[in-house]
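In what follows, a structure is listed as structure tokens, so that the remarks can point back to it.
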There are 2 protein chains.
Amino acid sequence: MKYKSLAIIFSTVLTSSICFAQTTVVEDFKKTETTQQGKEYPQVNSEGRVRVQISAPEAKKVQLDIGAVKYDLVKDDKGVWTGESAPQDEGFHYYQLNIDGASVPDPGSLYFYGASRWSSGIEVPAKDQDFYALKNVPHGEVREVTYFSKTSNSMRRCFVYTPPGYNTNDKKYPVLYLQHGGGENETGWSSQGHANLIMDNLIAEGKANPFIIVMDNGTWARPAQSAPQGAQGGRPGLPEGWADGFKNTLLNDIVPMIDANYRTLANQQNRAMAGLSMGGMQTRIITLANPEVFSHVGMFSGGSISTEDISKSPNFKDKVKLLFISYGSRELENPREGSANPKTTTEDLKKAGMNTHFYVSPQTAHEWQSWRRSLKEFAQLIFK
Amino acid sequence: MKYKSLAIIFSTVLTSSICFAQTTVVEDFKKTETTQQGKEYPQVNSEGRVRVQISAPEAKKVQLDIGAVKYDLVKDDKGVWTGESAPQDEGFHYYQLNIDGASVPDPGSLYFYGASRWSSGIEVPAKDQDFYALKNVPHGEVREVTYFSKTSNSMRRCFVYTPPGYNTNDKKYPVLYLQHGGGENETGWSSQGHANLIMDNLIAEGKANPFIIVMDNGTWARPAQSAPQGAQGGRPGLPEGWADGFKNTLLNDIVPMIDANYRTLANQQNRAMAGLSMGGMQTRIITLANPEVFSHVGMFSGGSISTEDISKSPNFKDKVKLLFISYGSRELENPREGSANPKTTTEDLKKAGMNTHFYVSPQTAHEWQSWRRSLKEFAQLIFK
């Protein structure tokens, strides 16, 4: 009995201390790069907690909605609501506020396209944030390009990164076609993805060869129309025609438009495709079907390619110089039931003679920090 | 008595009919180009009324805040609030929602920078909207350019419009430096201003000679710092140093950076400056002090230049080939007390021998439709 009581006491102490640790908040909150200039909130602390604040004197309930969890805010005597989330992973996260049942963007944050809407976003400073920091190094440009697509019979928009020096030399460059994920659009990679800053910094350090990056919209719905949901060409929940529709536009409209308007090395050896999540799945389908077009392939949190896949696409193994597969470490801890292990699949392909590279982003999930790091790794391996 | 009673009856009928006219809403609301893809609201009707809708089941009061007026929304039995504004001028307007006292962006709209914040915006279709419509004509690019400024010892960002064909020819082009208004930023002219589409359409019709447009941030506060309010270099309420700070950056950092990186005709004859509101006032101060740098000057809703002004800047009259002054018609109906009549001032300058042009945008106020039209007119007059 004596020992049992002691055990209960110890257990109680332990439980209390865990509860205490869960509710103590380190008071070192600071504004972050996604806080609007002139606004005081949102802020982030050293634990990665996100604190928001909003004046809503007549509201009954205000919540912070981040990472699929809603956190209650507390009202002061002036009608200002304040509250914070549990610690978030390093990097970028979408979020919204909920005011008496209305889901709205935080008026203090910058806005980013994700979850099929313009949404608030928050940057949680990361230990390795230096690789996408804005520095006084030579910078490339991000160009908004408007063009007519015969495939969709509509005007379309993409963003084109040209590397530092492009305007003042006459060199020709390789091209990477880089795709966003489901519910995102052509703005993602140069906004929350910081693809341009990642490249500028790598090039300044001599770690990557300069290349052009084309970021287009892989969501297959015509401009000004809503995206129908369906299973055509993909799994249920993905926009209808997301693979085939974009494949035709990419090969028949975008690649020829880019080769006609930019100083590209317009051949397979100097053309890469990569994408995150849905964009990775599109990369898989498009490059397996067209290994004569792309020589370097990257899939970030977007599946893998198996020996069975390449047995159906015999030229893929010979034509593709690099296959890069990556995931956030937390994604691999919780694999989807029935899904192949991408590491094993990629190792099998290496054994079969392909140049493969498998990368795991530490302590991140299906989120932009995984994809920024993936681009940083991929960019150092291609066109060499 | 008989006549008096009749008069009362007539008066009552008249009053009722006015009330009726005020509250009847034409039910032809449609989504507009500033409604997010996949969202049903905001909408605009043929009268220019803006209708918004938001689900807020627990809210007590929801309002549409547009044109400095708050309109109450009405809740249905599912907790969805709907309501509309009085008719708005044709063109673009900033707005917000107010939910139980919280001022927030509408989750259904696109977002634009104005009033020193990222805000909801609504496009009210205009009779003359064709001149800034997205058409299948050759398009220029809008380039996001990152550069180091010695003047501010910081990294800065501007947007550069290069005309159609720039990438595939080796011509040199004139340059227009084009500034936003107070509380706006470097994104305004290519986003809600549609400067790029205005130029693409004019060039396609042969109405304007192609030129480069540089759109930088004239709000003199370093990145990531809030803009202090003060009277230095301008009237109270304008950001401190807005004229001098930007003048130094423009002349010492931006113009040399543009001439070094783009195929410019790098001389006074081929360099213009224009701006709206605060940007017009900056244009006035900077070009009066530096007529050896700019040959074409445009001020849109941003004051005028008097014979007294040019008597203090003797080279201005000889060096400047065109002075363009414009206003929205509603601005001229309600002039600020004690302010000069810009039409008279401009006519006096013409009499004194300067090539001046005065333009009035019909049925618009201090708003973007006035400035889109001003750019359209100005662009057809310069570099010819």
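Quick note on naming: the chains in the structure tokens go A, B, ... in the order shown, residues restart at 1 in each chain, and ligands are numbered from 1 in order of appearance.
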What residues in chain A lie within 7 Å of chain B, counting only C-alpha atoms, written as a ChimeraX atom specification? /A:37-38,55-59,100-102,104-107,136,139,141-146,148,155,167-168,224-227,261-262
Overlay target chain A, mobile chain B, all C-alpha paired in order, as a tab-separated table (two decimals) with C-alpha atoms, in the first residue's frame:
```tsv
chain	number	residue	atom	x	y	z
B	1	MET	CA	-1.30	0.80	0.85
B	2	LYS	CA	1.61	3.02	1.66
B	3	TYR	CA	3.22	2.42	-1.69
B	4	LYS	CA	-0.07	2.84	-3.53
B	5	SER	CA	-0.68	6.24	-1.90
B	6	LEU	CA	2.79	7.36	-2.80
B	7	ALA	CA	2.20	6.29	-6.37
B	8	ILE	CA	-1.00	8.36	-6.46
B	9	ILE	CA	0.82	11.40	-5.08
B	10	PHE	CA	3.64	11.01	-7.64
B	11	SER	CA	1.13	10.57	-10.41
B	12	THR	CA	-0.74	13.71	-9.34
B	13	VAL	CA	2.46	15.74	-9.20
B	14	LEU	CA	3.44	14.51	-12.63
B	15	THR	CA	0.03	15.33	-14.12
B	16	SER	CA	0.04	18.82	-12.61
B	17	SER	CA	3.47	19.52	-13.93
B	18	ILE	CA	2.46	18.41	-17.43
B	19	CYS	CA	-0.59	20.69	-17.30
B	20	PHE	CA	1.63	23.53	-16.14
B	21	ALA	CA	4.06	22.94	-18.98
B	22	GLN	CA	1.22	22.93	-21.49
B	23	THR	CA	-0.19	26.29	-20.42
B	24	THR	CA	2.99	28.27	-19.75
B	25	VAL	CA	3.69	30.61	-22.62
B	26	VAL	CA	7.12	32.15	-23.16
B	27	GLU	CA	6.58	35.92	-23.33
B	28	ASP	CA	8.99	36.76	-26.12
B	29	PHE	CA	6.49	37.34	-28.93
B	30	LYS	CA	7.63	39.42	-31.90
B	31	LYS	CA	6.15	40.59	-35.18
B	32	THR	CA	7.19	38.46	-38.13
B	33	GLU	CA	7.72	39.04	-41.86
B	34	THR	CA	4.06	38.15	-42.57
B	35	THR	CA	2.75	40.85	-40.20
B	36	GLN	CA	1.54	43.87	-42.17
B	37	GLN	CA	3.78	46.91	-41.92
B	38	GLY	CA	2.34	49.24	-39.26
B	39	LYS	CA	0.37	46.47	-37.51
B	40	GLU	CA	1.31	45.01	-34.10
B	41	TYR	CA	-0.14	41.50	-34.58
B	42	PRO	CA	0.16	38.62	-35.48
B	43	GLN	CA	3.28	37.76	-33.46
B	44	VAL	CA	5.27	34.56	-32.89
B	45	ASN	CA	7.33	33.49	-29.85
B	46	SER	CA	10.44	31.36	-29.53
B	47	GLU	CA	8.29	28.25	-29.04
B	48	GLY	CA	6.56	28.83	-32.38
B	49	ARG	CA	3.27	29.88	-30.79
B	50	VAL	CA	1.21	32.29	-32.91
B	51	ARG	CA	-0.47	35.14	-31.03
B	52	VAL	CA	-3.22	37.20	-32.64
B	53	GLN	CA	-5.14	40.23	-31.44
B	54	ILE	CA	-8.26	41.95	-32.76
B	55	SER	CA	-10.67	44.57	-31.53
B	56	ALA	CA	-14.23	43.18	-31.58
B	57	PRO	CA	-16.09	44.87	-28.72
B	58	GLU	CA	-19.50	43.32	-29.47
B	59	ALA	CA	-18.32	39.77	-30.23
B	60	LYS	CA	-19.26	36.78	-28.07
B	61	LYS	CA	-16.51	34.43	-29.20
B	62	VAL	CA	-13.29	34.94	-31.19
B	63	GLN	CA	-10.94	32.11	-32.17
B	64	LEU	CA	-7.61	31.59	-33.92
B	65	ASP	CA	-7.98	28.78	-36.50
B	66	ILE	CA	-4.56	27.29	-37.35
B	67	GLY	CA	-3.32	23.77	-38.11
B	68	ALA	CA	-6.92	22.42	-38.02
B	69	VAL	CA	-7.31	23.52	-34.35
B	70	LYS	CA	-9.39	26.47	-33.07
B	71	TYR	CA	-7.95	28.35	-30.06
B	72	ASP	CA	-10.20	30.63	-27.97
B	73	LEU	CA	-9.13	34.24	-27.59
B	74	VAL	CA	-9.75	36.23	-24.39
B	75	LYS	CA	-11.43	39.65	-24.33
B	76	ASP	CA	-10.12	42.56	-22.24
B	77	ASP	CA	-12.22	45.41	-20.81
B	78	LYS	CA	-11.72	47.47	-23.99
B	79	GLY	CA	-13.17	44.77	-26.26
B	80	VAL	CA	-9.77	43.66	-27.58
B	81	TRP	CA	-9.38	39.88	-27.99
B	82	THR	CA	-5.95	38.19	-27.64
B	83	GLY	CA	-4.83	34.58	-27.71
B	84	GLU	CA	-2.26	32.16	-29.01
B	85	SER	CA	-1.90	28.71	-30.52
B	86	ALA	CA	0.11	25.71	-29.45
B	87	PRO	CA	3.68	25.69	-30.87
B	88	GLN	CA	3.73	25.34	-34.67
B	89	ASP	CA	6.40	23.84	-36.91
B	90	GLU	CA	9.05	26.21	-38.22
B	91	GLY	CA	8.09	27.86	-41.49
B	92	PHE	CA	4.89	29.04	-43.10
B	93	HIS	CA	1.28	28.25	-42.11
B	94	TYR	CA	-2.12	29.36	-43.36
B	95	TYR	CA	-4.63	30.52	-40.72
B	96	GLN	CA	-7.92	32.39	-40.25
B	97	LEU	CA	-9.82	34.10	-37.44
B	98	ASN	CA	-13.30	33.05	-36.42
B	99	ILE	CA	-15.52	35.87	-35.14
B	100	ASP	CA	-18.92	34.75	-33.85
B	101	GLY	CA	-18.96	31.95	-36.41
B	102	ALA	CA	-17.55	33.95	-39.36
B	103	SER	CA	-14.25	32.64	-40.79
B	104	VAL	CA	-12.27	35.70	-41.93
B	105	PRO	CA	-8.68	36.70	-42.66
B	106	ASP	CA	-6.78	38.41	-39.83
B	107	PRO	CA	-6.66	42.15	-40.70
B	108	GLY	CA	-3.10	42.25	-39.31
B	109	SER	CA	-1.50	39.65	-41.58
B	110	LEU	CA	-0.39	39.46	-45.17
B	111	TYR	CA	-2.49	37.21	-47.43
B	112	PHE	CA	-1.55	34.09	-49.39
B	113	TYR	CA	-3.43	31.76	-51.72
B	114	GLY	CA	-4.04	28.31	-50.22
B	115	ALA	CA	-6.98	26.02	-49.37
B	116	SER	CA	-8.63	27.51	-52.51
B	117	ARG	CA	-8.89	30.98	-51.00
B	118	TRP	CA	-6.86	34.06	-50.13
B	119	SER	CA	-6.02	33.42	-46.51
B	120	SER	CA	-3.96	34.81	-43.66
B	121	GLY	CA	-0.46	33.39	-43.42
B	122	ILE	CA	2.13	33.36	-40.63
B	123	GLU	CA	5.88	32.86	-40.83
B	124	VAL	CA	7.33	31.01	-37.84
B	125	PRO	CA	11.06	31.88	-37.86
B	126	ALA	CA	13.16	28.79	-38.57
B	127	LYS	CA	16.67	27.91	-37.48
B	128	ASP	CA	17.66	27.59	-41.14
B	129	GLN	CA	15.76	30.68	-42.37
B	130	ASP	CA	18.97	32.20	-43.73
B	131	PHE	CA	18.64	30.26	-46.99
B	132	TYR	CA	15.45	32.13	-47.97
B	133	ALA	CA	16.26	35.47	-46.29
B	134	LEU	CA	16.22	38.73	-48.26
B	135	LYS	CA	19.89	39.72	-48.47
B	136	ASN	CA	22.00	42.32	-50.24
B	137	VAL	CA	23.11	39.92	-52.99
B	138	PRO	CA	22.41	40.17	-56.75
B	139	HIS	CA	18.72	39.47	-57.26
B	140	GLY	CA	16.80	37.97	-60.14
B	141	GLU	CA	13.34	39.14	-61.19
B	142	VAL	CA	9.90	37.58	-60.81
B	143	ARG	CA	7.93	38.48	-63.92
B	144	GLU	CA	4.15	38.35	-64.20
B	145	VAL	CA	3.50	37.00	-67.69
B	146	THR	CA	0.13	37.10	-69.46
B	147	TYR	CA	-0.37	34.82	-72.46
B	148	PHE	CA	-3.06	33.21	-74.58
B	149	SER	CA	-3.51	29.43	-74.29
B	150	LYS	CA	-4.94	27.65	-77.32
B	151	THR	CA	-5.58	24.55	-75.18
B	152	SER	CA	-7.92	26.34	-72.79
B	153	ASN	CA	-8.93	29.10	-75.25
B	154	SER	CA	-8.31	31.67	-72.53
B	155	MET	CA	-5.82	34.20	-71.27
B	156	ARG	CA	-3.58	32.72	-68.58
B	157	ARG	CA	-0.96	34.03	-66.18
B	158	CYS	CA	2.33	32.59	-64.97
B	159	PHE	CA	5.31	33.92	-63.03
B	160	VAL	CA	8.80	33.59	-64.47
B	161	TYR	CA	11.96	33.88	-62.35
B	162	THR	CA	14.93	35.11	-64.33
B	163	PRO	CA	18.27	34.82	-62.49
B	164	PRO	CA	20.58	37.73	-61.51
B	165	GLY	CA	22.38	39.14	-64.54
B	166	TYR	CA	19.76	38.00	-67.06
B	167	ASN	CA	19.09	41.60	-68.15
B	168	THR	CA	22.72	42.52	-68.71
B	169	ASN	CA	24.22	39.46	-70.42
B	170	ASP	CA	23.24	37.42	-73.48
B	171	LYS	CA	23.58	33.89	-72.03
B	172	LYS	CA	21.03	31.14	-72.53
B	173	TYR	CA	19.66	29.34	-69.48
B	174	PRO	CA	18.11	25.97	-68.51
B	175	VAL	CA	14.48	26.06	-67.34
B	176	LEU	CA	12.69	24.48	-64.36
B	177	TYR	CA	8.89	24.19	-64.53
B	178	LEU	CA	7.83	24.32	-60.87
B	179	GLN	CA	4.29	23.55	-59.69
B	180	HIS	CA	2.26	24.44	-56.58
B	181	GLY	CA	-0.04	22.12	-54.61
B	182	GLY	CA	-3.78	21.53	-54.57
B	183	GLY	CA	-5.82	24.57	-53.53
B	184	GLU	CA	-2.85	26.82	-54.29
B	185	ASN	CA	-2.03	28.77	-57.44
B	186	GLU	CA	0.74	30.28	-59.56
B	187	THR	CA	1.61	32.82	-56.83
B	188	GLY	CA	2.64	30.22	-54.21
B	189	TRP	CA	6.26	29.50	-55.08
B	190	SER	CA	7.40	33.13	-55.36
B	191	SER	CA	5.30	34.32	-52.40
B	192	GLN	CA	5.21	31.91	-49.43
B	193	GLY	CA	7.68	29.59	-51.22
B	194	HIS	CA	10.41	32.27	-51.60
B	195	ALA	CA	11.70	30.37	-54.67
B	196	ASN	CA	13.34	33.56	-55.99
B	197	LEU	CA	15.21	34.30	-52.75
B	198	ILE	CA	16.29	30.64	-52.40
B	199	MET	CA	17.79	30.81	-55.91
B	200	ASP	CA	19.37	34.27	-55.45
B	201	ASN	CA	21.10	33.08	-52.27
B	202	LEU	CA	22.27	29.75	-53.74
B	203	ILE	CA	23.62	31.49	-56.85
B	204	ALA	CA	25.40	34.14	-54.73
B	205	GLU	CA	27.13	31.34	-52.80
B	206	GLY	CA	28.03	29.49	-55.99
B	207	LYS	CA	25.96	26.49	-54.91
B	208	ALA	CA	23.55	26.39	-57.85
B	209	ASN	CA	23.91	27.13	-61.54
B	210	PRO	CA	21.55	29.91	-62.62
B	211	PHE	CA	18.36	28.81	-64.37
B	212	ILE	CA	14.94	30.19	-65.25
B	213	ILE	CA	11.93	29.02	-63.20
B	214	VAL	CA	8.40	29.01	-64.66
B	215	MET	CA	5.55	28.92	-62.12
B	216	ASP	CA	2.14	28.40	-63.71
B	217	ASN	CA	-1.30	27.38	-62.47
B	218	GLY	CA	-1.83	23.60	-62.48
B	219	THR	CA	-5.39	23.80	-61.18
B	220	TRP	CA	-7.32	22.84	-64.22
B	221	ALA	CA	-10.18	25.30	-64.25
B	222	ARG	CA	-10.48	28.18	-66.66
B	223	PRO	CA	-9.99	31.66	-65.22
B	224	ALA	CA	-13.12	33.13	-63.61
B	225	GLN	CA	-14.76	29.68	-63.34
B	226	SER	CA	-14.93	27.67	-60.15
B	227	ALA	CA	-12.93	24.42	-60.04
B	228	PRO	CA	-15.25	21.42	-60.29
B	229	GLN	CA	-14.33	18.56	-57.99
B	230	GLY	CA	-14.08	15.08	-59.50
B	231	ALA	CA	-12.00	12.00	-60.03
B	232	GLN	CA	-11.05	12.45	-63.69
B	233	GLY	CA	-7.33	11.92	-64.07
B	234	GLY	CA	-6.69	11.71	-60.37
B	235	ARG	CA	-7.93	10.77	-56.95
B	236	PRO	CA	-11.32	12.04	-55.74
B	237	GLY	CA	-11.12	15.59	-54.41
B	238	LEU	CA	-8.62	16.83	-56.98
B	239	PRO	CA	-9.96	19.28	-59.56
B	240	GLU	CA	-11.30	17.60	-62.67
B	241	GLY	CA	-8.73	17.15	-65.40
B	242	TRP	CA	-5.88	18.42	-63.22
B	243	ALA	CA	-3.26	16.20	-64.87
B	244	ASP	CA	-4.35	15.94	-68.51
B	245	GLY	CA	-5.57	19.52	-68.82
B	246	PHE	CA	-2.40	20.95	-67.39
B	247	LYS	CA	-0.19	18.52	-69.34
B	248	ASN	CA	-1.59	19.75	-72.65
B	249	THR	CA	-1.25	23.40	-71.66
B	250	LEU	CA	2.27	22.88	-70.35
B	251	LEU	CA	3.57	21.05	-73.43
B	252	ASN	CA	1.59	22.85	-76.15
B	253	ASP	CA	1.32	26.39	-74.79
B	254	ILE	CA	3.68	27.14	-71.91
B	255	VAL	CA	6.96	25.48	-72.99
B	256	PRO	CA	6.78	26.93	-76.55
B	257	MET	CA	5.84	30.37	-75.16
B	258	ILE	CA	8.79	30.32	-72.75
B	259	ASP	CA	11.26	29.13	-75.41
B	260	ALA	CA	10.02	31.87	-77.79
B	261	ASN	CA	10.27	34.72	-75.29
B	262	TYR	CA	13.25	33.91	-73.06
B	263	ARG	CA	16.88	33.01	-73.70
B	264	THR	CA	16.43	29.32	-72.94
B	265	LEU	CA	18.57	26.29	-73.70
B	266	ALA	CA	15.58	24.78	-75.47
B	267	ASN	CA	16.29	21.08	-75.21
B	268	GLN	CA	15.56	18.08	-72.98
B	269	GLN	CA	18.96	18.19	-71.28
B	270	ASN	CA	18.22	21.68	-69.98
B	271	ARG	CA	14.59	21.29	-68.98
B	272	ALA	CA	13.38	20.16	-65.54
B	273	MET	CA	9.98	19.71	-63.92
B	274	ALA	CA	9.16	19.62	-60.22
B	275	GLY	CA	6.17	20.21	-57.99
B	276	LEU	CA	4.82	19.88	-54.48
B	277	SER	CA	1.94	17.61	-53.44
B	278	MET	CA	-0.57	17.74	-56.35
B	279	GLY	CA	2.18	19.40	-58.39
B	280	GLY	CA	4.45	16.43	-57.62
B	281	MET	CA	1.78	14.01	-58.83
B	282	GLN	CA	1.41	16.08	-62.01
B	283	THR	CA	5.20	16.02	-62.43
B	284	ARG	CA	5.13	12.21	-62.13
B	285	ILE	CA	2.41	11.74	-64.75
B	286	ILE	CA	3.76	14.34	-67.19
B	287	THR	CA	7.44	13.32	-67.04
B	288	LEU	CA	6.73	9.56	-67.19
B	289	ALA	CA	4.73	10.21	-70.36
B	290	ASN	CA	7.25	12.67	-71.82
B	291	PRO	CA	10.84	11.76	-70.88
B	292	GLU	CA	11.97	13.26	-74.20
B	293	VAL	CA	10.95	16.71	-72.85
B	294	PHE	CA	12.38	16.75	-69.28
B	295	SER	CA	15.73	15.51	-67.98
B	296	HIS	CA	15.47	16.38	-64.25
B	297	VAL	CA	12.43	15.46	-62.17
B	298	GLY	CA	11.49	16.56	-58.64
B	299	MET	CA	8.54	15.41	-56.52
B	300	PHE	CA	8.14	17.17	-53.15
B	301	SER	CA	5.62	15.44	-50.83
B	302	GLY	CA	3.93	14.19	-53.97
B	303	GLY	CA	4.49	10.44	-54.24
B	304	SER	CA	7.31	8.54	-55.88
B	305	ILE	CA	8.14	6.62	-59.05
B	306	SER	CA	8.48	2.84	-58.92
B	307	THR	CA	10.40	0.30	-60.98
B	308	GLU	CA	7.00	-0.78	-62.31
B	309	ASP	CA	6.31	2.80	-63.43
B	310	ILE	CA	9.52	3.01	-65.42
B	311	SER	CA	8.98	-0.44	-66.92
B	312	LYS	CA	5.93	1.13	-68.62
B	313	SER	CA	7.97	4.19	-69.68
B	314	PRO	CA	11.17	2.58	-70.99
B	315	ASN	CA	12.82	5.82	-72.14
B	316	PHE	CA	12.43	7.37	-68.70
B	317	LYS	CA	15.39	5.49	-67.20
B	318	ASP	CA	17.75	6.45	-70.02
B	319	LYS	CA	16.56	9.97	-70.61
B	320	VAL	CA	16.11	11.26	-67.06
B	321	LYS	CA	19.39	12.33	-65.47
B	322	LEU	CA	18.02	12.85	-61.95
B	323	LEU	CA	14.93	11.80	-60.04
B	324	PHE	CA	14.55	13.70	-56.74
B	325	ILE	CA	11.96	12.57	-54.18
B	326	SER	CA	11.40	14.39	-50.88
B	327	TYR	CA	9.08	14.50	-47.88
B	328	GLY	CA	8.73	16.26	-44.55
B	329	SER	CA	9.86	13.93	-41.75
B	330	ARG	CA	6.43	14.04	-40.08
B	331	GLU	CA	4.79	12.83	-43.28
B	332	LEU	CA	6.90	9.67	-43.20
B	333	GLU	CA	5.98	9.07	-39.54
B	334	ASN	CA	2.33	8.86	-40.53
B	335	PRO	CA	2.16	7.24	-43.97
B	336	ARG	CA	-1.22	6.86	-45.69
B	337	GLU	CA	-2.57	3.33	-45.33
B	338	GLY	CA	-1.67	1.18	-48.31
B	339	SER	CA	0.72	3.74	-49.78
B	340	ALA	CA	4.20	2.68	-50.90
B	341	ASN	CA	7.21	3.72	-48.82
B	342	PRO	CA	8.78	6.40	-51.05
B	343	LYS	CA	12.26	5.82	-49.62
B	344	THR	CA	12.16	2.10	-50.50
B	345	THR	CA	10.66	2.82	-53.90
B	346	THR	CA	13.39	5.35	-54.63
B	347	GLU	CA	16.16	3.03	-53.41
B	348	ASP	CA	14.82	0.26	-55.66
B	349	LEU	CA	15.06	2.64	-58.60
B	350	LYS	CA	18.64	3.49	-57.69
B	351	LYS	CA	19.46	-0.23	-57.60
B	352	ALA	CA	17.88	-0.48	-61.05
B	353	GLY	CA	20.43	2.06	-62.28
B	354	MET	CA	18.69	5.44	-62.07
B	355	ASN	CA	20.31	8.51	-60.51
B	356	THR	CA	17.88	9.10	-57.65
B	357	HIS	CA	18.07	11.36	-54.63
B	358	PHE	CA	15.87	11.02	-51.54
B	359	TYR	CA	15.61	13.97	-49.14
B	360	VAL	CA	13.80	14.30	-45.81
B	361	SER	CA	13.09	17.76	-44.34
B	362	PRO	CA	13.67	17.50	-40.57
B	363	GLN	CA	10.79	18.14	-38.18
B	364	THR	CA	8.31	19.35	-40.78
B	365	ALA	CA	5.06	18.02	-42.20
B	366	HIS	CA	3.07	18.55	-45.43
B	367	GLU	CA	3.90	22.26	-45.41
B	368	TRP	CA	5.94	24.96	-47.12
B	369	GLN	CA	9.10	24.60	-45.01
B	370	SER	CA	9.45	21.04	-46.41
B	371	TRP	CA	9.09	22.38	-49.94
B	372	ARG	CA	11.43	25.38	-49.55
B	373	ARG	CA	14.10	22.98	-48.30
B	374	SER	CA	13.32	20.54	-51.10
B	375	LEU	CA	13.80	23.24	-53.73
B	376	LYS	CA	17.06	24.30	-52.08
B	377	GLU	CA	18.38	20.70	-52.30
B	378	PHE	CA	16.99	20.03	-55.78
B	379	ALA	CA	18.39	23.28	-57.22
B	380	GLN	CA	21.93	22.29	-56.21
B	381	LEU	CA	21.68	18.97	-58.06
B	382	ILE	CA	20.24	19.92	-61.43
B	383	PHE	CA	21.80	21.23	-64.66
B	384	LYS	CA	25.31	20.26	-63.60
```
When DSSP is applied to the backbone of this structure, which of segment 107-299 of chain A are assigned helix (DSSP H, G or I)? Write them out as number ranges by chain. A: 129-132, 195-204, 244-261, 268-270, 278-289
Could you take the residues named above and write them with C-alpha atoms, as a PDB file, in the first residue's frame?
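Okay, this is what ended up in again.pdb:
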```pdb
ATOM      1  CA  GLN A 129      15.680  30.703 -42.302  1.00  0.00           C
ATOM      2  CA  ASP A 130      18.911  32.205 -43.643  1.00  0.00           C
ATOM      3  CA  PHE A 131      18.598  30.250 -46.896  1.00  0.00           C
ATOM      4  CA  TYR A 132      15.423  32.134 -47.897  1.00  0.00           C
ATOM      5  CA  ALA A 195      11.697  30.376 -54.619  1.00  0.00           C
ATOM      6  CA  ASN A 196      13.363  33.546 -55.952  1.00  0.00           C
ATOM      7  CA  LEU A 197      15.208  34.287 -52.697  1.00  0.00           C
ATOM      8  CA  ILE A 198      16.263  30.641 -52.333  1.00  0.00           C
ATOM      9  CA  MET A 199      17.793  30.789 -55.813  1.00  0.00           C
ATOM     10  CA  ASP A 200      19.381  34.242 -55.371  1.00  0.00           C
ATOM     11  CA  ASN A 201      21.100  33.052 -52.172  1.00  0.00           C
ATOM     12  CA  LEU A 202      22.249  29.710 -53.621  1.00  0.00           C
ATOM     13  CA  ILE A 203      23.633  31.430 -56.725  1.00  0.00           C
ATOM     14  CA  ALA A 204      25.412  34.084 -54.607  1.00  0.00           C
ATOM     15  CA  ASP A 244      -4.337  15.936 -68.472  1.00  0.00           C
ATOM     16  CA  GLY A 245      -5.532  19.520 -68.816  1.00  0.00           C
ATOM     17  CA  PHE A 246      -2.370  20.953 -67.380  1.00  0.00           C
ATOM     18  CA  LYS A 247      -0.159  18.514 -69.303  1.00  0.00           C
ATOM     19  CA  ASN A 248      -1.542  19.733 -72.623  1.00  0.00           C
ATOM     20  CA  THR A 249      -1.190  23.380 -71.667  1.00  0.00           C
ATOM     21  CA  LEU A 250       2.330  22.850 -70.322  1.00  0.00           C
ATOM     22  CA  LEU A 251       3.624  20.997 -73.387  1.00  0.00           C
ATOM     23  CA  ASN A 252       1.673  22.785 -76.130  1.00  0.00           C
ATOM     24  CA  ASP A 253       1.416  26.358 -74.791  1.00  0.00           C
ATOM     25  CA  ILE A 254       3.764  27.111 -71.892  1.00  0.00           C
ATOM     26  CA  VAL A 255       7.046  25.431 -72.946  1.00  0.00           C
ATOM     27  CA  PRO A 256       6.892  26.859 -76.516  1.00  0.00           C
ATOM     28  CA  MET A 257       5.961  30.326 -75.135  1.00  0.00           C
ATOM     29  CA  ILE A 258       8.895  30.269 -72.714  1.00  0.00           C
ATOM     30  CA  ASP A 259      11.366  29.038 -75.357  1.00  0.00           C
ATOM     31  CA  ALA A 260      10.166  31.788 -77.740  1.00  0.00           C
ATOM     32  CA  ASN A 261      10.413  34.664 -75.260  1.00  0.00           C
ATOM     33  CA  GLN A 268      15.624  17.995 -72.848  1.00  0.00           C
ATOM     34  CA  GLN A 269      19.032  18.092 -71.124  1.00  0.00           C
ATOM     35  CA  ASN A 270      18.276  21.586 -69.836  1.00  0.00           C
ATOM     36  CA  MET A 278      -0.606  17.783 -56.315  1.00  0.00           C
ATOM     37  CA  GLY A 279       2.175  19.431 -58.352  1.00  0.00           C
ATOM     38  CA  GLY A 280       4.412  16.445 -57.561  1.00  0.00           C
ATOM     39  CA  MET A 281       1.733  14.035 -58.757  1.00  0.00           C
ATOM     40  CA  GLN A 282       1.393  16.086 -61.959  1.00  0.00           C
ATOM     41  CA  THR A 283       5.183  15.998 -62.354  1.00  0.00           C
ATOM     42  CA  ARG A 284       5.097  12.203 -62.021  1.00  0.00           C
ATOM     43  CA  ILE A 285       2.384  11.728 -64.665  1.00  0.00           C
ATOM     44  CA  ILE A 286       3.757  14.306 -67.108  1.00  0.00           C
ATOM     45  CA  THR A 287       7.436  13.285 -66.937  1.00  0.00           C
ATOM     46  CA  LEU A 288       6.703   9.515 -67.063  1.00  0.00           C
ATOM     47  CA  ALA A 289       4.718  10.165 -70.247  1.00  0.00           C
TER      48      ALA A 289
END
```
